[in-house]
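Visitor: Here you go, work_13.cif (mmCIF, C-alpha atoms):
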```
data_protein
#
loop_
_atom_site.label_atom_id
_atom_site.label_comp_id
_atom_site.auth_asym_id
_atom_site.auth_seq_id
_atom_site.Cartn_x
_atom_site.Cartn_y
_atom_site.Cartn_z
CA ALA A 569 91.34 42.48 123.03
CA GLU A 570 90.94 42.02 119.28
CA PRO A 571 88.71 44.68 117.65
CA PRO A 572 85.33 43.25 116.56
CA GLU A 573 85.72 44.74 113.01
CA GLY A 574 82.08 45.76 112.87
CA GLY A 575 78.92 45.31 114.93
CA TRP A 576 78.35 48.38 117.13
CA GLY A 577 81.49 49.78 115.50
CA TRP A 578 79.45 50.83 112.44
CA VAL A 579 77.26 53.03 114.66
CA VAL A 580 80.41 54.49 116.22
CA MET A 581 81.75 55.16 112.71
CA LEU A 582 78.60 57.14 111.75
CA ALA A 583 78.79 59.15 115.00
CA ALA A 584 82.46 59.94 114.37
CA MET A 585 81.61 60.92 110.80
CA TRP A 586 79.02 63.40 112.07
CA CYS A 587 81.60 64.75 114.52
CA ASN A 588 84.17 65.40 111.76
CA GLY A 589 81.51 66.99 109.57
CA ALA A 590 80.03 69.26 112.24
CA VAL A 591 83.35 70.43 113.67
CA PHE A 592 85.29 71.08 110.47
CA GLY A 593 82.24 71.98 108.39
CA ILE A 594 81.65 74.98 110.66
CA GLN A 595 85.36 75.81 110.95
CA ASN A 596 85.97 75.63 107.19
CA SER A 597 82.93 77.82 106.49
CA CYS A 598 84.41 80.67 108.51
CA GLY A 599 84.78 82.76 105.33
CA VAL A 600 80.99 83.14 105.03
CA LEU A 601 80.67 83.99 108.74
CA PHE A 602 83.60 86.42 108.45
CA VAL A 603 81.90 88.55 105.78
CA SER A 604 78.68 88.61 107.80
CA MET A 605 80.54 89.66 110.97
CA LEU A 606 82.19 92.54 109.10
CA GLN A 607 78.81 93.81 107.90
CA LEU A 608 77.18 93.37 111.31
CA PHE A 609 79.91 94.98 113.44
CA GLY A 610 80.83 98.00 111.34
CA GLY A 611 81.26 97.41 107.60
CA GLY A 612 84.07 96.09 105.42
CA GLU A 613 85.69 99.52 104.90
CA ASP A 614 87.23 99.59 108.38
CA LYS A 615 90.62 97.88 107.95
CA GLN A 616 91.20 97.61 111.70
CA LEU A 617 87.85 95.94 112.19
CA ALA A 618 88.66 93.44 109.43
CA PHE A 619 91.94 92.59 111.21
CA LYS A 620 90.13 92.15 114.53
CA THR A 621 87.39 90.04 112.98
CA ALA A 622 89.89 87.77 111.21
CA TRP A 623 91.30 86.76 114.60
CA VAL A 624 87.94 85.25 115.63
CA SER A 625 88.08 82.44 113.04
CA SER A 626 91.89 82.18 113.20
CA LEU A 627 91.86 81.73 116.98
CA SER A 628 89.03 79.21 116.71
CA MET A 629 90.81 76.96 114.21
CA GLY A 630 94.11 77.18 116.09
CA MET A 631 92.51 76.30 119.45
CA VAL A 632 90.94 73.13 118.03
CA PHE A 633 94.42 71.71 117.50
CA PHE A 634 96.24 73.54 120.29
CA CYS A 635 94.04 71.87 122.96
CA SER A 636 94.71 68.38 121.58
CA PRO A 637 97.53 67.37 124.01
CA ILE A 638 95.26 68.26 126.96
CA VAL A 639 92.33 66.41 125.36
CA SER A 640 94.47 63.28 124.97
CA ILE A 641 95.23 63.29 128.73
CA PHE A 642 91.51 63.58 129.57
CA THR A 643 90.70 60.85 127.05
CA ASP A 644 93.16 58.47 128.73
CA LEU A 645 91.80 59.35 132.18
CA PHE A 646 88.05 59.35 131.60
CA GLY A 647 87.52 57.55 128.29
CA CYS A 648 86.30 58.62 124.87
CA ARG A 649 82.59 58.76 125.66
CA LYS A 650 82.72 61.17 128.63
CA VAL A 651 85.22 63.50 126.97
CA ALA A 652 83.27 63.63 123.68
CA VAL A 653 79.92 64.29 125.37
CA ILE A 654 81.27 67.05 127.65
CA GLY A 655 83.19 68.57 124.72
CA ALA A 656 80.06 68.74 122.56
CA ALA A 657 78.15 70.34 125.45
CA VAL A 658 80.86 73.01 125.93
CA GLY A 659 80.91 73.67 122.17
CA PHE A 660 77.11 74.03 122.18
CA VAL A 661 77.28 76.61 125.01
CA GLY A 662 80.07 78.52 123.24
CA LEU A 663 78.22 78.69 119.91
CA LEU A 664 74.89 79.60 121.54
CA SER A 665 76.46 82.38 123.64
CA SER A 666 78.13 83.73 120.46
CA SER A 667 74.66 84.46 119.09
CA PHE A 668 73.95 86.98 121.89
CA VAL A 669 77.03 89.25 121.67
CA SER A 670 76.75 92.87 120.56
CA THR A 671 80.45 93.60 119.83
CA ILE A 672 83.33 91.69 118.27
CA GLU A 673 85.50 91.34 121.41
CA PRO A 674 83.35 88.78 123.32
CA LEU A 675 83.55 86.49 120.27
CA TYR A 676 87.24 85.93 121.02
CA PHE A 677 86.13 84.00 124.10
CA THR A 678 82.73 82.56 123.12
CA TYR A 679 83.61 81.49 119.55
CA GLY A 680 87.41 81.56 119.51
CA VAL A 681 88.01 79.77 122.83
CA LEU A 682 84.85 78.19 124.31
CA PHE A 683 83.34 76.83 121.09
CA ALA A 684 86.76 75.78 119.71
CA CYS A 685 87.82 73.99 122.91
CA GLY A 686 84.51 72.12 122.93
CA CYS A 687 85.10 71.09 119.31
CA SER A 688 88.59 69.89 120.21
CA PHE A 689 87.30 67.77 123.12
CA ALA A 690 84.59 66.29 120.88
CA TYR A 691 86.83 65.69 117.85
CA GLN A 692 89.83 63.78 119.16
CA PRO A 693 87.94 60.93 120.88
CA SER A 694 86.24 60.28 117.51
CA LEU A 695 89.68 59.35 116.09
CA VAL A 696 90.75 57.24 119.07
CA ILE A 697 87.53 55.20 119.47
CA LEU A 698 87.72 53.86 115.89
CA GLY A 699 90.89 51.91 116.71
CA HIS A 700 88.98 50.11 119.46
CA TYR A 701 86.44 48.69 117.01
CA PHE A 702 88.50 48.27 113.83
CA LYS A 703 91.97 47.12 112.89
CA LYS A 704 91.92 45.44 109.47
CA ARG A 705 89.38 47.98 108.14
CA LEU A 706 90.75 50.97 110.06
CA GLY A 707 91.97 52.76 106.92
CA LEU A 708 88.61 52.43 105.16
CA VAL A 709 86.68 53.49 108.27
CA ASN A 710 88.94 56.52 108.80
CA GLY A 711 88.42 57.44 105.16
CA ILE A 712 84.62 57.35 105.56
CA VAL A 713 84.75 59.30 108.85
CA THR A 714 87.04 62.05 107.56
CA ALA A 715 84.96 62.28 104.37
CA GLY A 716 82.25 63.66 106.65
CA SER A 717 84.13 66.94 106.95
CA SER A 718 84.38 67.18 103.14
CA LEU A 719 80.65 66.58 102.79
CA PHE A 720 79.82 69.34 105.28
CA THR A 721 82.51 71.69 103.90
CA VAL A 722 80.99 71.47 100.40
CA SER A 723 77.35 71.93 101.46
CA LEU A 724 77.46 74.13 104.58
CA PRO A 725 78.72 77.41 102.99
CA PHE A 726 75.71 77.50 100.64
CA LEU A 727 73.32 76.75 103.54
CA LEU A 728 74.94 79.45 105.68
CA ARG A 729 74.64 82.01 102.88
CA VAL A 730 70.89 81.27 102.54
CA LEU A 731 70.36 81.38 106.33
CA ILE A 732 72.31 84.61 106.84
CA ASP A 733 70.41 86.33 104.02
CA SER A 734 67.04 85.20 105.38
CA VAL A 735 67.34 85.18 109.21
CA GLY A 736 70.64 87.01 109.96
CA LEU A 737 73.91 85.98 111.63
CA TYR A 738 72.60 85.52 115.17
CA ASN A 739 69.80 83.13 114.20
CA THR A 740 72.18 81.30 111.85
CA LEU A 741 74.52 80.59 114.79
CA ARG A 742 71.51 79.27 116.71
CA VAL A 743 70.61 76.95 113.83
CA LEU A 744 74.22 75.67 113.83
CA CYS A 745 73.71 74.74 117.49
CA ILE A 746 71.47 71.90 116.23
CA LEU A 747 74.60 70.28 114.72
CA LEU A 748 76.32 70.49 118.11
CA PHE A 749 73.28 69.05 119.92
CA ILE A 750 73.27 66.03 117.59
CA LEU A 751 77.03 65.75 118.19
CA PHE A 752 76.30 65.70 121.95
CA LEU A 753 73.95 62.73 121.45
CA ALA A 754 76.41 61.01 119.08
CA GLY A 755 79.08 61.02 121.81
CA PHE A 756 77.01 58.54 123.86
CA THR A 757 77.58 55.89 121.17
CA TYR A 758 81.33 55.70 121.99
CA LYS A 759 80.84 52.58 124.07
CA PRO A 760 84.18 51.56 125.62
CA LEU A 761 85.37 48.02 125.00
CA VAL A 762 86.54 46.40 128.25
CA SER A 763 89.87 44.75 127.54
CA ASN A 764 90.51 42.46 130.51
CA ALA A 765 89.06 40.96 133.67
CA LYS A 766 90.59 43.58 136.00
CA ASP A 767 88.92 46.39 134.07
CA LYS A 768 85.58 44.54 134.24
CA GLU A 769 85.95 44.11 137.98
CA ALA A 770 86.81 47.76 138.50
CA GLY A 771 83.86 48.75 136.30
CA LYS A 772 81.42 46.63 138.34
CA LYS A 773 82.65 48.05 141.65
CA GLY A 774 82.55 51.59 140.23
CA LYS A 775 86.12 52.30 141.30
CA PHE A 776 88.21 54.96 139.64
CA ARG A 777 91.94 54.60 140.09
CA PHE A 778 93.81 57.79 139.41
CA PRO A 779 96.81 56.74 137.32
CA PRO A 780 100.36 57.78 138.15
CA GLU A 781 101.80 61.04 136.82
CA LYS A 782 103.82 59.22 134.15
CA LYS A 783 100.60 57.74 132.76
CA ILE A 784 98.77 61.10 132.77
CA CYS A 785 101.50 62.92 130.83
CA ASN A 786 102.65 60.05 128.68
CA PHE A 787 105.82 61.46 127.15
CA SER A 788 107.00 57.88 126.54
CA VAL A 789 105.67 58.16 122.97
CA PHE A 790 108.65 60.42 122.26
CA LYS A 791 110.99 57.52 123.09
CA VAL A 792 109.79 55.95 119.82
CA LEU A 793 112.19 57.38 117.22
CA SER A 794 109.83 56.81 114.30
CA TYR A 795 107.11 58.79 116.10
CA ARG A 796 109.54 61.64 116.85
CA ILE A 797 110.38 61.91 113.15
CA TRP A 798 106.68 61.83 112.28
CA ALA A 799 105.79 64.47 114.90
CA PHE A 800 108.52 66.74 113.46
CA GLY A 801 107.97 66.04 109.75
CA ILE A 802 104.20 66.67 109.67
CA PRO A 803 104.31 70.19 111.23
CA ALA A 804 107.35 71.05 109.07
CA ALA A 805 105.29 70.22 105.97
CA LEU A 806 102.30 72.23 107.15
CA PHE A 807 103.99 75.64 107.15
CA GLY A 808 102.93 76.02 103.53
CA TYR A 809 100.09 73.52 103.48
CA PHE A 810 97.22 75.88 104.39
CA VAL A 811 98.40 78.91 102.41
CA PRO A 812 96.35 78.03 99.26
CA TYR A 813 93.22 77.41 101.34
CA VAL A 814 93.42 80.87 102.93
CA HIS A 815 94.71 83.03 100.06
CA LEU A 816 93.53 81.32 96.87
CA MET A 817 90.25 83.26 96.64
CA LYS A 818 92.04 86.61 96.90
CA HIS A 819 94.65 85.51 94.34
CA VAL A 820 91.87 84.61 91.85
CA LYS A 821 90.22 88.02 92.34
CA ASP A 822 93.56 89.80 91.85
CA ARG A 823 94.32 87.90 88.63
CA PHE A 824 90.92 87.32 87.01
CA GLY A 825 88.70 89.93 88.68
CA ASP A 826 85.01 89.13 89.16
CA SER A 827 84.69 87.41 85.78
CA VAL A 828 85.15 83.89 87.20
CA PRO A 829 83.21 81.98 89.91
CA GLU A 830 86.00 81.44 92.47
CA VAL A 831 83.64 79.43 94.73
CA VAL A 832 83.97 76.58 92.21
CA LEU A 833 87.56 76.11 93.39
CA LEU A 834 86.35 75.48 96.96
CA LEU A 835 83.89 72.93 95.61
CA CYS A 836 86.69 71.18 93.69
CA LEU A 837 88.88 71.05 96.81
CA GLY A 838 86.06 69.76 99.01
CA ILE A 839 84.67 67.13 96.65
CA THR A 840 87.99 65.58 95.60
CA SER A 841 89.20 65.70 99.22
CA GLY A 842 86.23 63.52 100.18
CA VAL A 843 86.91 61.15 97.27
CA GLY A 844 90.60 60.98 98.23
CA ARG A 845 89.75 60.06 101.81
CA LEU A 846 87.56 57.16 100.70
CA ILE A 847 90.02 55.84 98.09
CA PHE A 848 93.26 56.20 100.01
CA GLY A 849 91.66 55.09 103.27
CA ARG A 850 90.89 51.76 101.61
CA VAL A 851 94.30 51.59 99.91
CA ALA A 852 95.99 52.07 103.31
CA ASP A 853 94.41 48.81 104.56
CA TYR A 854 96.47 46.88 101.99
CA ILE A 855 99.78 48.57 102.87
CA PRO A 856 101.49 46.80 105.79
CA GLY A 857 102.79 48.52 108.93
CA ALA A 858 104.58 51.86 108.84
CA LYS A 859 104.85 51.75 105.05
CA LYS A 860 101.53 53.63 105.11
CA VAL A 861 103.70 56.71 105.66
CA TYR A 862 104.69 56.56 101.98
CA LEU A 863 101.12 57.60 101.12
CA GLN A 864 101.64 60.79 103.13
CA VAL A 865 104.99 61.34 101.41
CA VAL A 866 103.29 61.15 97.99
CA SER A 867 100.46 63.43 99.15
CA PHE A 868 102.90 66.11 100.40
CA PHE A 869 104.87 65.92 97.16
CA PHE A 870 101.78 66.61 95.06
CA ILE A 871 100.42 69.27 97.45
CA GLY A 872 103.74 71.14 97.29
CA LEU A 873 103.88 70.79 93.51
CA MET A 874 100.29 72.02 93.07
CA SER A 875 100.97 75.04 95.32
CA MET A 876 103.88 76.03 93.10
CA MET A 877 101.74 75.62 89.97
CA ILE A 878 99.02 78.06 91.14
CA PRO A 879 100.91 81.21 89.97
CA LEU A 880 101.63 79.52 86.61
CA CYS A 881 97.93 79.08 85.78
CA ASN A 882 96.90 81.91 83.45
CA VAL A 883 93.52 80.36 82.68
CA PHE A 884 90.80 79.50 85.20
CA GLY A 885 90.54 75.93 83.90
CA GLY A 886 94.15 75.34 84.95
CA LEU A 887 93.33 76.40 88.51
CA ILE A 888 90.38 73.98 88.55
CA ALA A 889 92.71 71.11 87.56
CA VAL A 890 95.23 72.14 90.26
CA CYS A 891 92.50 72.26 92.93
CA LEU A 892 91.16 68.84 91.90
CA PHE A 893 94.58 67.25 92.42
CA MET A 894 95.27 69.23 95.60
CA GLY A 895 91.97 68.14 97.16
CA LEU A 896 92.56 64.50 96.24
CA PHE A 897 95.93 64.36 98.02
CA ASP A 898 94.69 66.49 100.90
CA GLY A 899 92.20 63.69 101.55
CA CYS A 900 95.02 61.14 101.36
CA PHE A 901 97.11 62.98 103.97
CA ILE A 902 94.26 63.42 106.45
CA CYS A 903 92.56 60.01 106.35
CA ILE A 904 95.64 57.94 107.25
CA MET A 905 96.87 59.97 110.23
CA ALA A 906 95.15 57.77 112.83
CA PRO A 907 96.18 54.43 111.20
CA ILE A 908 99.83 55.59 111.10
CA ALA A 909 99.69 56.63 114.77
CA PHE A 910 98.36 53.16 115.71
CA GLU A 911 101.22 51.54 113.76
CA LEU A 912 103.96 53.68 115.33
CA VAL A 913 103.01 53.70 119.04
CA GLY A 914 100.30 51.04 119.45
CA ALA A 915 96.70 51.27 120.68
CA GLN A 916 97.64 52.02 124.32
CA ASP A 917 99.45 55.29 123.58
CA VAL A 918 97.63 56.40 120.45
CA SER A 919 95.44 59.00 122.16
CA GLN A 920 98.33 61.11 123.42
CA ALA A 921 100.37 60.45 120.26
CA ILE A 922 97.60 62.01 118.15
CA GLY A 923 97.14 64.76 120.75
CA PHE A 924 100.78 65.85 120.70
CA LEU A 925 100.87 65.79 116.90
CA LEU A 926 97.72 67.92 116.53
CA GLY A 927 99.12 70.33 119.12
CA PHE A 928 102.32 70.73 117.08
CA MET A 929 100.23 71.21 113.94
CA SER A 930 98.53 74.28 115.44
CA ILE A 931 101.76 76.31 115.16
CA PRO A 932 102.26 76.15 111.35
CA MET A 933 98.49 76.43 110.85
CA THR A 934 98.59 79.80 112.58
CA VAL A 935 101.95 81.08 111.29
CA GLY A 936 101.99 80.04 107.59
CA PRO A 937 99.05 82.03 106.14
CA PRO A 938 99.97 85.37 107.85
CA ILE A 939 103.53 85.11 106.42
CA ALA A 940 102.01 84.64 102.96
CA GLY A 941 99.79 87.67 103.57
CA LEU A 942 102.81 89.71 104.63
CA LEU A 943 104.63 88.77 101.40
CA HIS A 944 101.59 89.87 99.40
CA ASP A 945 101.49 93.22 101.21
CA ARG A 946 105.18 93.84 100.50
CA LEU A 947 105.35 92.53 96.89
CA GLY A 948 101.81 93.23 95.70
CA THR A 949 101.36 89.66 94.39
CA TYR A 950 100.84 86.16 95.76
CA ASP A 951 103.23 84.49 93.27
CA ILE A 952 106.27 84.31 95.60
CA ALA A 953 104.03 83.25 98.51
CA PHE A 954 102.67 80.27 96.56
CA TYR A 955 106.12 79.27 95.30
CA LEU A 956 107.47 79.32 98.85
CA ALA A 957 104.35 77.54 100.16
CA GLY A 958 105.28 74.53 98.03
CA VAL A 959 108.70 74.12 99.67
CA PRO A 960 107.74 72.98 103.24
CA PRO A 961 105.51 70.07 102.04
CA LEU A 962 108.40 68.79 99.90
CA ILE A 963 110.88 69.03 102.81
CA GLY A 964 108.42 67.46 105.28
CA GLY A 965 107.69 64.63 102.84
CA ALA A 966 111.41 63.93 102.44
CA VAL A 967 111.79 63.68 106.24
CA LEU A 968 108.87 61.24 106.48
CA CYS A 969 110.62 58.85 104.04
CA LEU A 970 112.91 57.79 106.91
CA ILE A 971 110.09 56.50 109.11
CA PRO A 972 109.44 53.00 107.63
CA TRP A 973 113.16 52.20 107.66
CA VAL A 974 113.60 53.43 111.26
CA HIS A 975 110.44 51.63 112.40
CA GLU A 976 111.58 48.31 110.92
CA ARG A 977 114.95 48.61 112.67
CA GLN A 978 113.17 49.29 115.97
CA LYS A 979 111.01 46.21 115.54
CA LEU A 980 114.06 44.06 114.78
CA LYS A 981 115.75 45.29 117.97
CA GLU A 982 112.63 44.52 120.01
CA ARG A 983 112.48 41.01 118.55
CA ALA A 984 116.16 40.46 119.31
CA LYS A 985 115.76 41.31 123.01
CA PRO A 986 113.58 38.35 124.05
CA VAL A 987 115.76 35.98 121.97
CA ASP A 988 118.84 37.15 123.85
CA GLY A 989 116.95 36.70 127.11
CA GLU A 990 116.02 33.14 126.19
CA THR A 991 119.59 32.23 125.28
CA THR A 992 120.95 33.62 128.55
CA GLU A 993 118.25 31.71 130.44
CA LYS A 994 119.25 28.51 128.63
CA MET A 995 122.93 29.15 129.42
CA LEU A 996 122.10 29.65 133.10
CA GLU A 997 120.02 26.47 133.08
CA ASN A 998 122.93 24.55 131.51
CA GLU A 999 125.33 25.96 134.12
CA THR A 1000 123.05 24.93 136.97
CA THR A 1001 122.69 21.44 135.51
CA LEU A 1002 126.45 21.14 135.21
CA VAL A 1003 126.93 22.36 138.78
CA SER A 1004 124.24 19.99 140.08
CA ASP A 1005 125.83 17.09 138.13
CA THR A 1006 129.27 17.79 139.55
CA THR A 1007 127.93 18.03 143.08
CA GLU A 1008 125.81 14.91 142.73
CA LYS A 1009 128.71 12.73 141.49
CA PRO A 1010 130.88 12.98 144.64
CA VAL A 1011 127.80 12.41 146.78
CA LYS A 1012 126.97 9.23 144.86
CA GLU A 1013 130.61 8.07 145.08
CA MET A 1014 130.60 8.64 148.82
CA GLU A 1015 127.31 6.76 149.15
CA SER A 1016 128.66 3.84 147.12
CA GLY A 1017 131.84 3.85 149.27
CA PHE A 1018 129.74 3.36 152.39
#
```
Mind converting the file's structure to structure tokens?
Guide:
Amino acid sequence: AEPPEGGWGWVVMLAAMWCNGAVFGIQNSCGVLFVSMLQLFGGGEDKQLAFKTAWVSSLSMGMVFFCSPIVSIFTDLFGCRKVAVIGAAVGFVGLLSSSFVSTIEPLYFTYGVLFACGCSFAYQPSLVILGHYFKKRLGLVNGIVTAGSSLFTVSLPFLLRVLIDSVGLYNTLRVLCILLFILFLAGFTYKPLVSNAKDKEAGKKGKFRFPPEKKICNFSVFKVLSYRIWAFGIPAALFGYFVPYVHLMKHVKDRFGDSVPEVVLLLCLGITSGVGRLIFGRVADYIPGAKKVYLQVVSFFFIGLMSMMIPLCNVFGGLIAVCLFMGLFDGCFICIMAPIAFELVGAQDVSQAIGFLLGFMSIPMTVGPPIAGLLHDRLGTYDIAFYLAGVPPLIGGAVLCLIPWVHERQKLKERAKPVDGETTEKMLENETTLVSDTTEKPVKEMESGF
């Protein structure tokens, strides 16, 4: 069925925007929660406690993406609405239970696993459902939706700081549960669009057909060569992608001390990331087919270049300029992920295509920043870490350049197949006509002889 390009889709877009904001707003504000956890559970002087506490937010962010392949299977089986609602409910329970712990260890499960898994189950359907309602405007809509996370990322840290100072960490976590409760209600707006008469009939009778194993674990997306390149190139680029986000604040303190407001850099990243998502989301609508990938190539090139320029900035104003550009192209990379997935594998397989990709992304997200931290511990400076962090985005971007060419070749092959089939059918028809003509002639001759 053709997407309606609006109508109820605008309500779905707002719900998905809230989902992106609530999930990644909380996840990206982990730095504020981290400091509060250190103070609450023993003080910042204990180095072992700091290491243990860091794993709470690290595990949480990794699990959001690591669960994605499983979420995609559930989304295909039960639909976007059920998965999103149950995910938000699980996330709510995880966050609420985190506000009752007395030691750091239970947070590994309540915040790092339960809350994060709920976020993952709520987040991915918000990407998939948009393709059901929009096609021509999908880039713009994805830009608006993903801008929600930028909006929350910019504003939530300040709100959390005020809440923690006034009511403490536990009550702050309970206030954050309100965001998850609204997310739970927003999931009900993901109204499925019935595509054909058989689905309508099955819906009326209330039947649920359990699909075959091949449909549940749909590895057929990996048969698409352009998708395989994409699923390899994106994680390859991300090994250095998150290093500036994790270590930039510490680098600023090492170089400039406390004389500069390093929080301004986070604001620059967040604001321009939101602007980039809106601008490039709209631009993507005017770029045909898989050529949208070139936007990601450009974004990785600039992200890698900006990472390498961080150690060269000897004045704080230079770092502000670097962060403005980095945020802009970060928004470009993120907002067109779903439109590219729809182009490469089609609407039927997009859920698991996005799921597998996000699952692969969890590996570099977890590995890259600790390697940079290890280099800092050995060398006493972040300079080499930032230089090396710029290399993977450049390599990943170069790999992605192959996708439009490969995708076009695949489409040409697919078009050639039915043509060949038609010609063989015509040849067979001609042969049968010839055979029938030759058999009919002697019969007519015999009849005329009689």
Visitor: Give the answer as one residue: which of A:Cys687, A:Cys598, A:Val639, A:Met817 has the shortest atom-to-atom distance to Trp623 of chain A, using all atoms listed in the file?
Guide: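 Closest residue, counting all atoms listed in the file: A:Cys598.
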Visitor: Selected by the PyMOL selection byres ((chain A and resi 952) around 12) in the shown coordinates: which residues, as a PyMOL selection string?
Guide: chain A and resi 808+811+819+875-880+939-951+953-959
Visitor: Expanded to explicit residues, what is the PyMOL selection byres ((chain A and resi 648) around 9) for this file, as JSON, numbers by chain?
Guide: {"A": [642, 643, 644, 646, 647, 649, 650, 651, 652, 653, 690, 692, 693, 694, 696, 697, 755, 758, 759, 760]}
Visitor: Export, as a tab-separated table (two decimals), in the frame of the given file, the selected residues with C-alpha atoms.
Guide:
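Result written to again-v1.tsv:
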```tsv
chain	number	residue	atom	x	y	z
A	642	PHE	CA	91.51	63.58	129.57
A	643	THR	CA	90.70	60.85	127.05
A	644	ASP	CA	93.16	58.47	128.73
A	646	PHE	CA	88.05	59.35	131.60
A	647	GLY	CA	87.52	57.55	128.29
A	649	ARG	CA	82.59	58.76	125.66
A	650	LYS	CA	82.72	61.17	128.63
A	651	VAL	CA	85.22	63.50	126.97
A	652	ALA	CA	83.27	63.63	123.68
A	653	VAL	CA	79.92	64.29	125.37
A	690	ALA	CA	84.59	66.29	120.88
A	692	GLN	CA	89.83	63.78	119.16
A	693	PRO	CA	87.94	60.93	120.88
A	694	SER	CA	86.24	60.28	117.51
A	696	VAL	CA	90.75	57.24	119.07
A	697	ILE	CA	87.53	55.20	119.47
A	755	GLY	CA	79.08	61.02	121.81
A	758	TYR	CA	81.33	55.70	121.99
A	759	LYS	CA	80.84	52.58	124.07
A	760	PRO	CA	84.18	51.56	125.62
```
Visitor: Can you work out which one of A:Ala984, A:Val820, A:Met874, A:Ile908 has the shortest atom-to-atom distance to Leu968 of chain A, counting only C-alpha atoms?
Guide: A:Ile908
Visitor: Once the PyMOL selection byres ((chain A and resi 788-790) around 8) has been applied to the shown file, what residues remain in the selection, as a tab-separated table (two decimals) with C-alpha atoms, in the coordinates of the input?
Guide:
```
chain	number	residue	atom	x	y	z
A	786	ASN	CA	102.65	60.05	128.68
A	787	PHE	CA	105.82	61.46	127.15
A	791	LYS	CA	110.99	57.52	123.09
A	792	VAL	CA	109.79	55.95	119.82
A	793	LEU	CA	112.19	57.38	117.22
A	795	TYR	CA	107.11	58.79	116.10
A	796	ARG	CA	109.54	61.64	116.85
A	913	VAL	CA	103.01	53.70	119.04
A	917	ASP	CA	99.45	55.29	123.58
A	920	GLN	CA	98.33	61.11	123.42
A	921	ALA	CA	100.37	60.45	120.26
```
Visitor: Would you please work out which residue, of A:Val713, A:Ile931, A:Val865, A:Cys745, is nearest to Leu698 of chain A when using only C-alpha atoms?
Guide: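 Of A:Val713, A:Ile931, A:Val865, A:Cys745, the one nearest Leu698 of chain A, counting only C-alpha atoms, is A:Val713.
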Visitor: Can you tell me how far atom CA of Ala715 of chain A sits from atom CA of Gly589 of chain A, in Å to one decimal?
Guide: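 So the answer is 7.8 Å.
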Visitor: Rounded to one decimal place, report the atom CA of Thr934 of chain A-atom CA of Arg845 of chain A distance in Å.
Guide: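 Taking atom CA of Thr934 of chain A and atom CA of Arg845 of chain A, their separation equals 24.2 Å.
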Visitor: So how many Å separate atom CA of Met905 of chain A and atom CA of Leu719 of chain A, to one decimal?
Guide: 19.0 Å
Visitor: Of the candidates A:Gly886, A:Pro725, A:Gly577, A:Pro637, which shows the shortest atom-to-atom distance to Ile922 of chain A, using all atoms listed in the file?
Guide: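 Of all the options, A:Pro637 lies closest to Ile922 of chain A.
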Visitor: Which polymer residues have any atom within 10 Å of an atom of Leu582 of chain A, counting all atoms listed in the file, with same-chain residues fewer than 6 positions away left out, as an MDAnalysis selection string?
Guide: chainID A and resid 588 709 712:713 716 754 757
Visitor: When you count only C-alpha atoms, which of these residues is closest to Ala909 of chain A: A:Ile641, A:Leu706, A:Ile839, A:Ala684?
Guide: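 Ranking A:Ile641, A:Leu706, A:Ile839, A:Ala684 by distance to Ala909 of chain A, first place goes to A:Leu706.
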Visitor: Which of these residues is nearest to Ala656 of chain A, using all atoms listed in the file: A:Thr714, A:Cys587, A:Cys881, A:Pro937?
Guide: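 Nearest to Ala656 of chain A: A:Cys587.
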Visitor: If we count only C-alpha atoms and set the cut-off at 12 Å, which residues sit around Val669 of chain A, ignoring sequence neighbours fewer than 6 positions away in its own chain? Please answer as a ChimeraX atom specification.
Guide: /A:605,608-609,662-663,675-679,737-738,741
Visitor: Padding of 8 Å on every side, edges along x, y and z, all listed atoms of segment 801-807 of chain A included: what centre and edge lengths in Å, to one decimal, does that box have, as lines of an AutoDock Vina configuration file?
Guide:
```
center_x = 105.1
center_y = 70.8
center_z = 108.6
size_x = 21.7
size_y = 25.6
size_z = 21.3
```
